[in-house]
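So the structure is just underneath, and the comments pick up after that.
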Amino acid sequence: MNLSKCTCQKGKTEVNKMENNYFWALLVMALMVGGVFGAMAFPRSVVEEVSVDKIVYKDVVKEVPVDRIVKEEVLISHLDKSVEDFLKAAEDEEDEAGNDVDVLECNNSSYEWDEVSFKVEDEYLVEYFDDDKYEVNFTVDLKYKQDDIARCKESWNVLVEYEEDEDTEVSVTLLE
C-alpha cells in the first residue's frame, strides 16, 4: 500500500507541474500578444505631416524710450569732430587720405583761411554702416572776405567718412 500511495502522489505532482508549466507559458504568450496589439492600437507618438505653402516673416517694431540728452550728446560729438576734421582738411587743402579739399576759391578768386568765416547748418546726418564705419553729412556756409569786405558766399555739402584703422576722408560738394 505504501507503494501505490507514493505512485499516486507522484503522478499528481507531475500532472500539476505540467499544468503549471502550460499555465505560465500560456500566460506569457497572452501578455506578448496583448502587448503587440496594445502597441499597435495605442502608439506612443503621433506623427502628422503638414504642408506649408509659404512662410511669412514679420518685422516686429518695438519702441523703446531713450533719454534724448544722451542721444544728442553722441550726435553732437560726431558733428563737432566732423566739423573739426573738415576745417583741418580745408586749411591743409587735403584730408588725411590725401584727397583734395579745395574750398578756398570763390568766383575765381583765391582766399587764405584767415579770410574765411563759416556757419554750420543745424541739420546733419550720421549714418552707421557697422561698428567700425560711419559717415557724417552736413552743410556749411562759407563767407569769403578781403580787407574785411565780404566778397563771396558759398554753401558746401560736406561728407566725412570714418573707418577704424583708416584715414578720415572728407568730401566737399558745392551747392548751387
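Residue numbering restarts at 1 for every chain of the C-alpha cells, chains are lettered A, B, ... in their displayed order, and ligands are numbered from 1 as they appear.
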Worksheet item: If we count only C-alpha atoms, what is near Phe86 (chain A) at a cut-off of 10 Å, once residues fewer than 6 positions away on the same chain are taken out, given as a ChimeraX atom specification?
Response: /A:80,92-95,101,140,158-160,168-172
Selection above as a file: C-alpha atoms, as a PDB file, in the first residue's frame:
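again-v2.pdb, written as the output of this step:
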```pdb
ATOM      1  CA  ASP A  80      31.848 118.531 -33.641  1.00  0.00           C
ATOM      2  CA  ASP A  92      45.572 121.961 -45.276  1.00  0.00           C
ATOM      3  CA  GLU A  93      43.692 121.726 -48.608  1.00  0.00           C
ATOM      4  CA  GLU A  94      43.625 117.909 -48.282  1.00  0.00           C
ATOM      5  CA  ASP A  95      42.260 115.304 -45.893  1.00  0.00           C
ATOM      6  CA  VAL A 101      39.612 119.635 -50.257  1.00  0.00           C
ATOM      7  CA  VAL A 140      28.462 124.588 -44.150  1.00  0.00           C
ATOM      8  CA  VAL A 158      30.413 118.067 -46.502  1.00  0.00           C
ATOM      9  CA  LEU A 159      30.667 114.291 -46.107  1.00  0.00           C
ATOM     10  CA  VAL A 160      33.179 112.998 -43.560  1.00  0.00           C
ATOM     11  CA  THR A 168      39.481 110.070 -42.333  1.00  0.00           C
ATOM     12  CA  GLU A 169      38.110 111.104 -45.730  1.00  0.00           C
ATOM     13  CA  VAL A 170      36.486 114.491 -46.317  1.00  0.00           C
ATOM     14  CA  SER A 171      34.437 115.109 -49.482  1.00  0.00           C
ATOM     15  CA  VAL A 172      33.000 118.514 -50.350  1.00  0.00           C
TER      16      VAL A 172
END
```
Worksheet item: Taking the backbone alone, and naming residues the way the document does, which bits of region 7-176 of chain A are strand (DSSP E) by DSSP, as number ranges by chain?
Response: A: 105-106, 109-110, 116-130, 133-146, 149-163, 169-175
Worksheet item: What is the distance between CA of Leu104 (chain A) and CA of Lys81 (chain A), in Å to one decimal?
Response: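 Atom-to-atom, CA of Leu104 (chain A) and CA of Lys81 (chain A) are spaced 20.8 Å apart.
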Item to complete: Could you please determine the separation between CA of Tyr134 (chain A) and CA of Glu163 (chain A) in Å, to one decimal place?
Response: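 Result for CA of Tyr134 (chain A) versus CA of Glu163 (chain A): 6.6 Å, one decimal.
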Fill in: CA of Glu105 (chain A) to CA of Leu175 (chain A), distance in Å rounded to a single decimal
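Between CA of Glu105 (chain A) and CA of Leu175 (chain A) the gap is 14.1 Å.
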Worksheet item: If you count only C-alpha atoms, which residues fall within 7 Å of Glu154 (chain A), apart from same-chain ones fewer than 6 positions away, as a VMD selection string?
Response: chain A and resid 141 to 143
Output file for the residues above (C-alpha atoms, as a short mmCIF file (atom, residue, chain, number, x, y, z; two decimals), in the first residue's frame):
```
data_model
loop_
_atom_site.label_atom_id
_atom_site.label_comp_id
_atom_site.auth_asym_id
_atom_site.auth_seq_id
_atom_site.Cartn_x
_atom_site.Cartn_y
_atom_site.Cartn_z
CA ASP A 141 28.14 128.18 -45.37
CA LEU A 142 31.45 129.92 -46.10
CA LYS A 143 31.85 133.71 -46.34
#
```
